[in-house]
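Peer 1: The file below is input_23.txt, compact mmCIF, N, CA and C atoms:
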```
# COMPACT_ATOMS: atom_id res chain seq x y z
N VAL A 1 107.33 196.07 223.18
CA VAL A 1 106.36 195.38 224.01
C VAL A 1 106.06 194.00 223.44
N SER A 2 106.11 193.88 222.12
CA SER A 2 105.84 192.57 221.51
C SER A 2 106.91 191.54 221.88
N SER A 3 108.09 192.02 222.30
CA SER A 3 109.17 191.13 222.69
C SER A 3 109.27 190.93 224.20
N MET A 4 108.38 191.53 224.95
CA MET A 4 108.41 191.42 226.41
C MET A 4 107.54 190.26 226.88
N LYS A 5 108.05 189.50 227.84
CA LYS A 5 107.27 188.39 228.39
C LYS A 5 105.94 188.85 228.96
N SER A 6 105.95 190.04 229.56
CA SER A 6 104.74 190.56 230.20
C SER A 6 103.68 190.97 229.20
N GLY A 7 104.07 191.23 227.95
CA GLY A 7 103.12 191.76 226.98
C GLY A 7 102.70 193.16 227.37
N LEU A 8 101.54 193.57 226.93
CA LEU A 8 101.03 194.90 227.25
C LEU A 8 100.42 194.88 228.64
N LEU A 9 100.91 195.75 229.49
CA LEU A 9 100.43 195.83 230.87
C LEU A 9 99.30 196.84 231.00
N ALA A 10 98.39 196.57 231.90
CA ALA A 10 97.26 197.46 232.17
C ALA A 10 97.70 198.56 233.13
N ILE A 11 98.51 199.50 232.60
CA ILE A 11 99.04 200.57 233.45
C ILE A 11 98.64 201.96 232.95
N SER A 12 97.91 202.04 231.85
CA SER A 12 97.50 203.34 231.32
C SER A 12 96.08 203.22 230.77
N GLN A 13 95.43 204.37 230.66
CA GLN A 13 94.08 204.38 230.12
C GLN A 13 94.06 203.83 228.70
N GLU A 14 95.09 204.17 227.92
CA GLU A 14 95.15 203.69 226.53
C GLU A 14 95.25 202.18 226.45
N SER A 15 95.97 201.56 227.38
CA SER A 15 96.07 200.10 227.37
C SER A 15 94.72 199.47 227.70
N LEU A 16 93.93 200.14 228.54
CA LEU A 16 92.61 199.62 228.91
C LEU A 16 91.62 199.75 227.76
N ILE A 17 91.75 200.84 227.00
CA ILE A 17 90.86 201.07 225.87
C ILE A 17 91.03 199.98 224.81
N CYS A 18 92.21 199.35 224.76
CA CYS A 18 92.46 198.29 223.78
C CYS A 18 91.70 197.00 224.09
N GLY A 19 91.21 196.85 225.30
CA GLY A 19 90.45 195.65 225.65
C GLY A 19 91.33 194.43 225.79
N ASN A 20 90.75 193.26 225.57
CA ASN A 20 91.52 192.01 225.65
C ASN A 20 92.50 191.96 224.49
N ILE A 21 93.71 191.57 224.80
CA ILE A 21 94.79 191.53 223.83
C ILE A 21 95.10 190.08 223.46
N SER A 22 95.29 189.84 222.17
CA SER A 22 95.72 188.53 221.70
C SER A 22 97.22 188.54 221.44
N TYR A 23 97.82 187.36 221.49
CA TYR A 23 99.25 187.21 221.21
C TYR A 23 99.43 186.05 220.24
N HIS A 24 100.39 186.20 219.34
CA HIS A 24 100.70 185.14 218.37
C HIS A 24 102.21 185.04 218.24
N GLU A 25 102.71 183.84 218.36
CA GLU A 25 104.15 183.63 218.22
C GLU A 25 104.56 183.89 216.77
N TYR A 26 105.59 184.68 216.61
CA TYR A 26 106.06 185.03 215.27
C TYR A 26 106.73 183.83 214.63
N ASN A 27 106.28 183.48 213.43
CA ASN A 27 106.81 182.32 212.70
C ASN A 27 107.33 182.71 211.33
N GLY A 28 107.76 183.93 211.19
CA GLY A 28 108.30 184.38 209.92
C GLY A 28 107.23 185.00 209.03
N ILE A 29 107.60 185.25 207.80
CA ILE A 29 106.71 185.89 206.84
C ILE A 29 105.56 184.95 206.51
N LEU A 30 104.36 185.51 206.41
CA LEU A 30 103.16 184.71 206.15
C LEU A 30 103.11 184.30 204.68
N VAL A 31 103.54 183.10 204.41
CA VAL A 31 103.52 182.63 203.03
C VAL A 31 102.61 181.43 202.83
N ASP A 32 102.26 180.74 203.92
CA ASP A 32 101.37 179.58 203.73
C ASP A 32 100.02 179.81 204.41
N GLN A 33 99.02 179.19 203.87
CA GLN A 33 97.64 179.35 204.32
C GLN A 33 97.47 178.89 205.76
N GLU A 34 98.15 177.84 206.17
CA GLU A 34 98.01 177.32 207.53
C GLU A 34 98.42 178.36 208.57
N GLU A 35 99.51 179.08 208.30
CA GLU A 35 99.96 180.11 209.24
C GLU A 35 98.96 181.26 209.29
N ARG A 36 98.36 181.60 208.18
CA ARG A 36 97.35 182.66 208.15
C ARG A 36 96.14 182.27 208.99
N GLU A 37 95.76 181.01 208.92
CA GLU A 37 94.62 180.52 209.70
C GLU A 37 94.95 180.53 211.19
N LYS A 38 96.19 180.17 211.54
CA LYS A 38 96.62 180.23 212.94
C LYS A 38 96.56 181.67 213.47
N LEU A 39 96.96 182.59 212.62
CA LEU A 39 96.94 184.00 212.97
C LEU A 39 95.50 184.45 213.28
N ALA A 40 94.58 184.07 212.44
CA ALA A 40 93.17 184.43 212.64
C ALA A 40 92.62 183.80 213.92
N ARG A 41 93.00 182.56 214.20
CA ARG A 41 92.56 181.90 215.43
C ARG A 41 93.13 182.58 216.66
N SER A 42 94.38 183.03 216.56
CA SER A 42 95.00 183.73 217.69
C SER A 42 94.28 185.03 218.00
N LEU A 43 93.85 185.75 216.97
CA LEU A 43 93.13 187.00 217.18
C LEU A 43 91.80 186.73 217.86
N GLY A 44 91.12 185.68 217.45
CA GLY A 44 89.83 185.34 218.04
C GLY A 44 88.69 186.14 217.43
N PRO A 45 87.48 185.85 217.87
CA PRO A 45 86.30 186.48 217.26
C PRO A 45 86.00 187.90 217.72
N ALA A 46 86.57 188.33 218.85
CA ALA A 46 86.17 189.63 219.40
C ALA A 46 87.31 190.62 219.63
N ASN A 47 88.54 190.13 219.79
CA ASN A 47 89.65 191.04 220.10
C ASN A 47 89.98 191.92 218.91
N LYS A 48 90.44 193.13 219.21
CA LYS A 48 90.76 194.11 218.17
C LYS A 48 92.26 194.37 218.06
N VAL A 49 93.04 193.91 219.04
CA VAL A 49 94.48 194.14 219.05
C VAL A 49 95.20 192.82 219.27
N MET A 50 96.24 192.57 218.46
CA MET A 50 97.04 191.35 218.63
C MET A 50 98.51 191.70 218.45
N PHE A 51 99.31 191.23 219.40
CA PHE A 51 100.75 191.39 219.30
C PHE A 51 101.33 190.15 218.63
N LEU A 52 102.17 190.38 217.64
CA LEU A 52 102.94 189.31 217.02
C LEU A 52 104.26 189.29 217.76
N ARG A 53 104.49 188.26 218.55
CA ARG A 53 105.69 188.20 219.40
C ARG A 53 106.95 188.44 218.57
N ASN A 54 107.81 189.29 219.06
CA ASN A 54 109.08 189.64 218.42
C ASN A 54 108.90 190.27 217.03
N HIS A 55 107.74 190.83 216.78
CA HIS A 55 107.52 191.40 215.45
C HIS A 55 106.80 192.75 215.50
N GLY A 56 105.64 192.82 216.10
CA GLY A 56 104.89 194.07 216.10
C GLY A 56 103.46 193.86 216.57
N VAL A 57 102.59 194.73 216.10
CA VAL A 57 101.20 194.70 216.56
C VAL A 57 100.26 194.85 215.38
N VAL A 58 99.07 194.27 215.52
CA VAL A 58 98.01 194.38 214.53
C VAL A 58 96.81 195.00 215.23
N ALA A 59 96.23 196.02 214.62
CA ALA A 59 95.01 196.64 215.14
C ALA A 59 93.91 196.45 214.10
N CYS A 60 92.77 195.97 214.55
CA CYS A 60 91.66 195.67 213.65
C CYS A 60 90.43 196.50 214.00
N GLY A 61 89.51 196.56 213.07
CA GLY A 61 88.25 197.25 213.32
C GLY A 61 87.29 196.99 212.18
N GLU A 62 86.02 197.26 212.46
CA GLU A 62 85.00 197.10 211.42
C GLU A 62 85.06 198.24 210.42
N THR A 63 85.69 199.35 210.81
CA THR A 63 85.86 200.50 209.93
C THR A 63 87.31 200.96 210.03
N VAL A 64 87.72 201.80 209.09
CA VAL A 64 89.07 202.39 209.16
C VAL A 64 89.22 203.17 210.45
N GLU A 65 88.18 203.92 210.81
CA GLU A 65 88.22 204.74 212.02
C GLU A 65 88.40 203.89 213.27
N GLU A 66 87.73 202.77 213.34
CA GLU A 66 87.86 201.90 214.51
C GLU A 66 89.26 201.29 214.58
N ALA A 67 89.78 200.83 213.46
CA ALA A 67 91.14 200.26 213.44
C ALA A 67 92.16 201.33 213.83
N PHE A 68 91.98 202.55 213.34
CA PHE A 68 92.86 203.66 213.68
C PHE A 68 92.78 203.96 215.17
N HIS A 69 91.58 203.94 215.72
CA HIS A 69 91.34 204.16 217.15
C HIS A 69 92.18 203.18 217.98
N TYR A 70 92.13 201.91 217.63
CA TYR A 70 92.91 200.91 218.38
C TYR A 70 94.40 201.04 218.12
N ALA A 71 94.78 201.38 216.88
CA ALA A 71 96.21 201.55 216.57
C ALA A 71 96.81 202.70 217.37
N VAL A 72 96.14 203.83 217.42
CA VAL A 72 96.63 204.99 218.17
C VAL A 72 96.73 204.66 219.65
N ASN A 73 95.71 204.00 220.19
CA ASN A 73 95.73 203.69 221.62
C ASN A 73 96.78 202.66 221.98
N VAL A 74 96.97 201.64 221.15
CA VAL A 74 97.98 200.63 221.48
C VAL A 74 99.38 201.21 221.37
N MET A 75 99.60 202.07 220.40
CA MET A 75 100.93 202.69 220.27
C MET A 75 101.23 203.60 221.46
N THR A 76 100.24 204.38 221.88
CA THR A 76 100.42 205.24 223.05
C THR A 76 100.63 204.40 224.30
N ALA A 77 99.89 203.31 224.43
CA ALA A 77 100.05 202.41 225.58
C ALA A 77 101.45 201.81 225.61
N CYS A 78 101.96 201.42 224.46
CA CYS A 78 103.32 200.86 224.38
C CYS A 78 104.36 201.91 224.77
N GLU A 79 104.20 203.11 224.27
CA GLU A 79 105.14 204.19 224.62
C GLU A 79 105.11 204.46 226.12
N THR A 80 103.93 204.47 226.70
CA THR A 80 103.80 204.69 228.15
C THR A 80 104.48 203.58 228.92
N GLN A 81 104.26 202.34 228.50
CA GLN A 81 104.85 201.20 229.18
C GLN A 81 106.37 201.23 229.10
N ILE A 82 106.91 201.48 227.93
CA ILE A 82 108.36 201.53 227.77
C ILE A 82 108.95 202.66 228.61
N SER A 83 108.26 203.78 228.67
CA SER A 83 108.73 204.90 229.49
C SER A 83 108.71 204.57 230.97
N ALA A 84 107.79 203.73 231.40
CA ALA A 84 107.66 203.37 232.81
C ALA A 84 108.58 202.22 233.23
N MET A 85 109.07 201.45 232.27
CA MET A 85 109.85 200.25 232.58
C MET A 85 111.12 200.51 233.39
N PRO A 86 111.82 201.63 233.24
CA PRO A 86 113.02 201.85 234.06
C PRO A 86 112.74 201.83 235.57
N ALA A 87 111.50 202.08 235.95
CA ALA A 87 111.13 202.02 237.37
C ALA A 87 111.15 200.59 237.89
N GLY A 88 111.11 199.63 236.99
CA GLY A 88 111.10 198.22 237.37
C GLY A 88 109.69 197.66 237.34
N LEU A 89 109.55 196.47 236.82
CA LEU A 89 108.25 195.83 236.69
C LEU A 89 107.53 195.71 238.03
N ASP A 90 108.28 195.47 239.10
CA ASP A 90 107.68 195.33 240.44
C ASP A 90 107.12 196.64 240.97
N ASN A 91 107.53 197.76 240.41
CA ASN A 91 107.06 199.06 240.88
C ASN A 91 105.87 199.59 240.10
N LEU A 92 105.43 198.88 239.08
CA LEU A 92 104.30 199.33 238.27
C LEU A 92 103.00 198.80 238.87
N ILE A 93 102.03 199.67 238.97
CA ILE A 93 100.73 199.30 239.54
C ILE A 93 99.76 199.00 238.40
N LEU A 94 99.23 197.79 238.38
CA LEU A 94 98.27 197.40 237.36
C LEU A 94 96.87 197.82 237.78
N VAL A 95 96.08 198.24 236.81
CA VAL A 95 94.72 198.66 237.07
C VAL A 95 93.85 197.43 237.35
N ASP A 96 92.96 197.55 238.31
CA ASP A 96 92.04 196.49 238.70
C ASP A 96 91.21 196.01 237.50
N SER A 97 90.91 194.71 237.44
CA SER A 97 90.22 194.14 236.29
C SER A 97 88.82 194.73 236.09
N ASP A 98 88.10 195.08 237.16
CA ASP A 98 86.79 195.70 237.00
C ASP A 98 86.90 197.07 236.35
N VAL A 99 87.91 197.83 236.73
CA VAL A 99 88.15 199.14 236.14
C VAL A 99 88.57 198.98 234.68
N GLN A 100 89.36 197.93 234.39
CA GLN A 100 89.76 197.66 233.01
C GLN A 100 88.53 197.45 232.13
N LYS A 101 87.60 196.62 232.60
CA LYS A 101 86.40 196.33 231.82
C LYS A 101 85.54 197.57 231.62
N LYS A 102 85.39 198.36 232.68
CA LYS A 102 84.58 199.58 232.60
C LYS A 102 85.20 200.57 231.62
N THR A 103 86.51 200.75 231.70
CA THR A 103 87.20 201.69 230.82
C THR A 103 87.09 201.24 229.37
N PHE A 104 87.27 199.95 229.12
CA PHE A 104 87.13 199.44 227.75
C PHE A 104 85.71 199.69 227.25
N GLY A 105 84.72 199.42 228.08
CA GLY A 105 83.33 199.63 227.68
C GLY A 105 83.05 201.06 227.28
N LEU A 106 83.53 201.99 228.09
CA LEU A 106 83.32 203.41 227.77
C LEU A 106 84.15 203.83 226.56
N GLY A 107 85.40 203.41 226.51
CA GLY A 107 86.29 203.81 225.43
C GLY A 107 85.91 203.25 224.08
N SER A 108 85.20 202.14 224.07
CA SER A 108 84.83 201.53 222.79
C SER A 108 83.47 202.01 222.30
N GLN A 109 82.82 202.88 223.08
CA GLN A 109 81.59 203.50 222.61
C GLN A 109 81.94 204.60 221.63
N GLY A 110 81.07 204.86 220.72
CA GLY A 110 81.28 205.99 219.84
C GLY A 110 81.37 207.28 220.63
N GLY A 111 82.26 208.16 220.23
CA GLY A 111 82.45 209.41 220.96
C GLY A 111 83.22 209.22 222.25
N GLY A 112 83.85 208.05 222.40
CA GLY A 112 84.65 207.78 223.60
C GLY A 112 83.83 207.70 224.87
N GLY A 113 82.52 207.60 224.74
CA GLY A 113 81.66 207.51 225.92
C GLY A 113 81.43 208.84 226.61
N VAL A 114 81.96 209.93 226.03
CA VAL A 114 81.82 211.23 226.69
C VAL A 114 81.15 212.28 225.81
N ASP A 115 80.84 211.97 224.57
CA ASP A 115 80.24 212.95 223.67
C ASP A 115 78.80 213.21 224.08
N THR A 116 78.42 214.47 224.15
CA THR A 116 77.06 214.84 224.55
C THR A 116 76.31 215.55 223.42
N SER A 117 76.82 215.49 222.20
CA SER A 117 76.20 216.21 221.09
C SER A 117 74.89 215.58 220.63
N GLY A 118 74.67 214.36 221.03
CA GLY A 118 73.46 213.66 220.60
C GLY A 118 73.65 212.87 219.31
N ARG A 119 74.76 213.07 218.64
CA ARG A 119 75.04 212.31 217.42
C ARG A 119 75.52 210.92 217.80
N LYS A 120 75.13 209.93 217.03
CA LYS A 120 75.55 208.55 217.27
C LYS A 120 76.84 208.29 216.51
N TRP A 121 77.98 208.34 217.21
CA TRP A 121 79.29 208.09 216.61
C TRP A 121 79.61 206.60 216.65
N LYS A 122 80.30 206.11 215.66
CA LYS A 122 80.83 204.75 215.68
C LYS A 122 82.15 204.76 216.45
N THR A 123 82.61 203.60 216.87
CA THR A 123 83.86 203.50 217.62
C THR A 123 85.00 204.12 216.83
N GLY A 124 85.67 205.08 217.45
CA GLY A 124 86.82 205.72 216.85
C GLY A 124 86.52 206.84 215.87
N GLU A 125 85.28 206.99 215.47
CA GLU A 125 84.94 207.96 214.43
C GLU A 125 85.20 209.41 214.88
N LEU A 126 84.77 209.78 216.07
CA LEU A 126 84.98 211.13 216.57
C LEU A 126 86.47 211.42 216.72
N GLU A 127 87.21 210.48 217.29
CA GLU A 127 88.65 210.65 217.48
C GLU A 127 89.37 210.76 216.14
N PHE A 128 88.98 209.94 215.18
CA PHE A 128 89.58 209.97 213.85
C PHE A 128 89.36 211.34 213.20
N GLU A 129 88.15 211.85 213.28
CA GLU A 129 87.84 213.16 212.70
C GLU A 129 88.70 214.25 213.35
N ALA A 130 88.85 214.18 214.67
CA ALA A 130 89.64 215.18 215.38
C ALA A 130 91.12 215.09 215.02
N LEU A 131 91.65 213.89 214.94
CA LEU A 131 93.08 213.71 214.66
C LEU A 131 93.45 213.98 213.21
N MET A 132 92.48 213.94 212.31
CA MET A 132 92.77 214.17 210.90
C MET A 132 92.75 215.65 210.55
N ARG A 133 92.39 216.50 211.50
CA ARG A 133 92.34 217.96 211.22
C ARG A 133 93.70 218.57 211.27
```
So that I can check it, write out the structure of this file as structure tokens.

Peer 2:
Amino acid sequence: VSSMKSGLLAISQESLICGNISYHEYNGILVDQEEREKLARSLGPANKVMFLRNHGVVACGETVEEAFHYAVNVMTACETQISAMPAGLDNLILVDSDVQKKTFGLGSQGGGGVDTSGRKWKTGELEFEALMR
């Protein structure tokens, strides 16, 4: 997906949970400070997922659990997209932008927006606990 012109498409719930996606043109191994600063600017102040064109993906978070949450979702979204690509880009239905925002809002809440236990979970914490069992 990092090598596709389309980037990550809004075709699965996991892609929506990733929120706004940043992209950075791959310029080789990070050895100079200027390139590191460009990388940080490309990510921006709020995005949690960034594709390095022709290289891979970076998932960030304020905690290990949050970064893991975004890493798992972006990898699943990429697998879904690659699996759907044989149908042709013109045959894929993109999710409406309002639904994208709503899904990201719910998915980025602690407990995935669906936990009713009353405990205040941080983003990705409940999912991380479940997946580590």

Peer 1: Choose the residue, out of A:Ile11, A:Ala40, A:Thr63, A:Val1, that has the smallest atom-to-atom separation from Leu92 (chain A); count all atoms listed in the file.

Peer 2: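 Looking at the shortest contact to Leu92 (chain A), the residue is A:Ile11.
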
Peer 1: Just checking: using all atoms listed in the file, which residue out of A:Phe51, A:Lys102, A:Gly118, A:Ala84 ends up closest to Leu8 (chain A)?

Peer 2: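 When distances to Leu8 (chain A) are compared using all atoms listed in the file, the smallest one comes from A:Phe51.
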
Peer 1: Skipping near chain neighbours, those fewer than 6 positions away, what residues fall within 8 Å of region 74-80 of chain A using only N, CA and C atoms, listed as a PyMOL selection string?

Peer 2: chain A and resi 1-2+8-9+11-18+49+68

Peer 1: Here is a test: counting all atoms listed in the file, which residue of A:Gly111, A:Gly61, A:Val99, A:Leu43 is nearest to Leu126 (chain A)?

Peer 2: A:Gly111

Peer 1: Find the residues around Tyr26 (chain A) up to 8 Å (only C-alpha atoms counted), leave out those fewer than 6 positions away in its own chain, and share them as a PyMOL selection string.

Peer 2: chain A and resi 52-55

Peer 1: When DSSP works through the backbone of this structure, what residues of chain A end up as strand (DSSP E), shown as a PDB file with N, CA and C atoms, in the coordinates of the input?

Peer 2:
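Wrote result.pdb, looks like this:
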```pdb
ATOM      1  N   ILE A  21      93.710 191.570 224.800  1.00  0.00           N
ATOM      2  CA  ILE A  21      94.790 191.530 223.830  1.00  0.00           C
ATOM      3  C   ILE A  21      95.100 190.080 223.460  1.00  0.00           C
ATOM      4  N   SER A  22      95.290 189.840 222.170  1.00  0.00           N
ATOM      5  CA  SER A  22      95.720 188.530 221.700  1.00  0.00           C
ATOM      6  C   SER A  22      97.220 188.540 221.440  1.00  0.00           C
ATOM      7  N   TYR A  23      97.820 187.360 221.490  1.00  0.00           N
ATOM      8  CA  TYR A  23      99.250 187.210 221.210  1.00  0.00           C
ATOM      9  C   TYR A  23      99.430 186.050 220.240  1.00  0.00           C
ATOM     10  N   HIS A  24     100.390 186.200 219.340  1.00  0.00           N
ATOM     11  CA  HIS A  24     100.700 185.140 218.370  1.00  0.00           C
ATOM     12  C   HIS A  24     102.210 185.040 218.240  1.00  0.00           C
ATOM     13  N   VAL A  49      93.040 193.910 219.040  1.00  0.00           N
ATOM     14  CA  VAL A  49      94.480 194.140 219.050  1.00  0.00           C
ATOM     15  C   VAL A  49      95.200 192.820 219.270  1.00  0.00           C
ATOM     16  N   MET A  50      96.240 192.570 218.460  1.00  0.00           N
ATOM     17  CA  MET A  50      97.040 191.350 218.630  1.00  0.00           C
ATOM     18  C   MET A  50      98.510 191.700 218.450  1.00  0.00           C
ATOM     19  N   PHE A  51      99.310 191.230 219.400  1.00  0.00           N
ATOM     20  CA  PHE A  51     100.750 191.390 219.300  1.00  0.00           C
ATOM     21  C   PHE A  51     101.330 190.150 218.630  1.00  0.00           C
ATOM     22  N   LEU A  52     102.170 190.380 217.640  1.00  0.00           N
ATOM     23  CA  LEU A  52     102.940 189.310 217.020  1.00  0.00           C
ATOM     24  C   LEU A  52     104.260 189.290 217.760  1.00  0.00           C
ATOM     25  N   GLY A  56     105.640 192.820 216.100  1.00  0.00           N
ATOM     26  CA  GLY A  56     104.890 194.070 216.100  1.00  0.00           C
ATOM     27  C   GLY A  56     103.460 193.860 216.570  1.00  0.00           C
ATOM     28  N   VAL A  57     102.590 194.730 216.100  1.00  0.00           N
ATOM     29  CA  VAL A  57     101.200 194.700 216.560  1.00  0.00           C
ATOM     30  C   VAL A  57     100.260 194.850 215.380  1.00  0.00           C
ATOM     31  N   VAL A  58      99.070 194.270 215.520  1.00  0.00           N
ATOM     32  CA  VAL A  58      98.010 194.380 214.530  1.00  0.00           C
ATOM     33  C   VAL A  58      96.810 195.000 215.230  1.00  0.00           C
ATOM     34  N   ALA A  59      96.230 196.020 214.620  1.00  0.00           N
ATOM     35  CA  ALA A  59      95.010 196.640 215.140  1.00  0.00           C
ATOM     36  C   ALA A  59      93.910 196.450 214.100  1.00  0.00           C
TER      37      ALA A  59
END
```

Peer 1: Could region 19-28 of chain A be completed with all heavy atoms and written as a compact mmCIF listing (two decimals), in the frame of the given file, please?

Peer 2:
```txt
# COMPACT_ATOMS: atom_id res chain seq x y z
N GLY A 19 91.21 196.85 225.30
CA GLY A 19 90.45 195.65 225.65
C GLY A 19 91.33 194.43 225.79
O GLY A 19 92.53 194.53 226.07
N ASN A 20 90.75 193.26 225.57
CA ASN A 20 91.52 192.01 225.65
C ASN A 20 92.50 191.96 224.49
O ASN A 20 92.15 192.28 223.36
CB ASN A 20 90.60 190.80 225.60
CG ASN A 20 89.75 190.68 226.85
OD1 ASN A 20 90.19 191.03 227.94
ND2 ASN A 20 88.53 190.20 226.69
N ILE A 21 93.71 191.57 224.80
CA ILE A 21 94.79 191.53 223.83
C ILE A 21 95.10 190.08 223.46
O ILE A 21 95.17 189.22 224.33
CB ILE A 21 96.07 192.19 224.41
CG1 ILE A 21 95.78 193.60 224.92
CG2 ILE A 21 97.21 192.16 223.40
CD1 ILE A 21 95.44 194.60 223.86
N SER A 22 95.29 189.84 222.17
CA SER A 22 95.72 188.53 221.70
C SER A 22 97.22 188.54 221.44
O SER A 22 97.80 189.59 221.17
CB SER A 22 95.00 188.17 220.39
OG SER A 22 93.62 188.07 220.58
N TYR A 23 97.82 187.36 221.49
CA TYR A 23 99.25 187.21 221.21
C TYR A 23 99.43 186.05 220.24
O TYR A 23 98.72 185.05 220.32
CB TYR A 23 100.04 186.97 222.49
CG TYR A 23 100.00 188.16 223.42
CD1 TYR A 23 99.00 188.31 224.35
CD2 TYR A 23 100.96 189.17 223.32
CE1 TYR A 23 98.94 189.42 225.18
CE2 TYR A 23 100.91 190.29 224.14
CZ TYR A 23 99.90 190.41 225.07
OH TYR A 23 99.85 191.52 225.87
N HIS A 24 100.39 186.20 219.34
CA HIS A 24 100.70 185.14 218.37
C HIS A 24 102.21 185.04 218.24
O HIS A 24 102.89 186.06 218.06
CB HIS A 24 100.07 185.49 217.01
CG HIS A 24 100.29 184.46 215.96
ND1 HIS A 24 99.55 183.30 215.89
CD2 HIS A 24 101.17 184.40 214.94
CE1 HIS A 24 99.96 182.59 214.86
NE2 HIS A 24 100.96 183.23 214.27
N GLU A 25 102.71 183.84 218.36
CA GLU A 25 104.15 183.63 218.22
C GLU A 25 104.56 183.89 216.77
O GLU A 25 103.94 183.38 215.84
CB GLU A 25 104.54 182.20 218.62
CG GLU A 25 104.28 181.88 220.08
CD GLU A 25 105.04 182.77 221.05
OE1 GLU A 25 106.21 183.11 220.78
OE2 GLU A 25 104.45 183.16 222.08
N TYR A 26 105.59 184.68 216.61
CA TYR A 26 106.06 185.03 215.27
C TYR A 26 106.73 183.83 214.63
O TYR A 26 107.62 183.22 215.20
CB TYR A 26 107.04 186.21 215.36
CG TYR A 26 107.60 186.65 214.04
CD1 TYR A 26 106.77 187.15 213.05
CD2 TYR A 26 108.96 186.57 213.77
CE1 TYR A 26 107.28 187.58 211.83
CE2 TYR A 26 109.48 187.00 212.56
CZ TYR A 26 108.63 187.49 211.60
OH TYR A 26 109.13 187.91 210.40
N ASN A 27 106.28 183.48 213.43
CA ASN A 27 106.81 182.32 212.70
C ASN A 27 107.33 182.71 211.33
O ASN A 27 107.31 181.91 210.41
CB ASN A 27 105.72 181.25 212.57
CG ASN A 27 105.33 180.68 213.90
OD1 ASN A 27 106.19 180.23 214.66
ND2 ASN A 27 104.06 180.70 214.22
N GLY A 28 107.76 183.93 211.19
CA GLY A 28 108.30 184.38 209.92
C GLY A 28 107.23 185.00 209.03
O GLY A 28 106.10 185.22 209.44
```
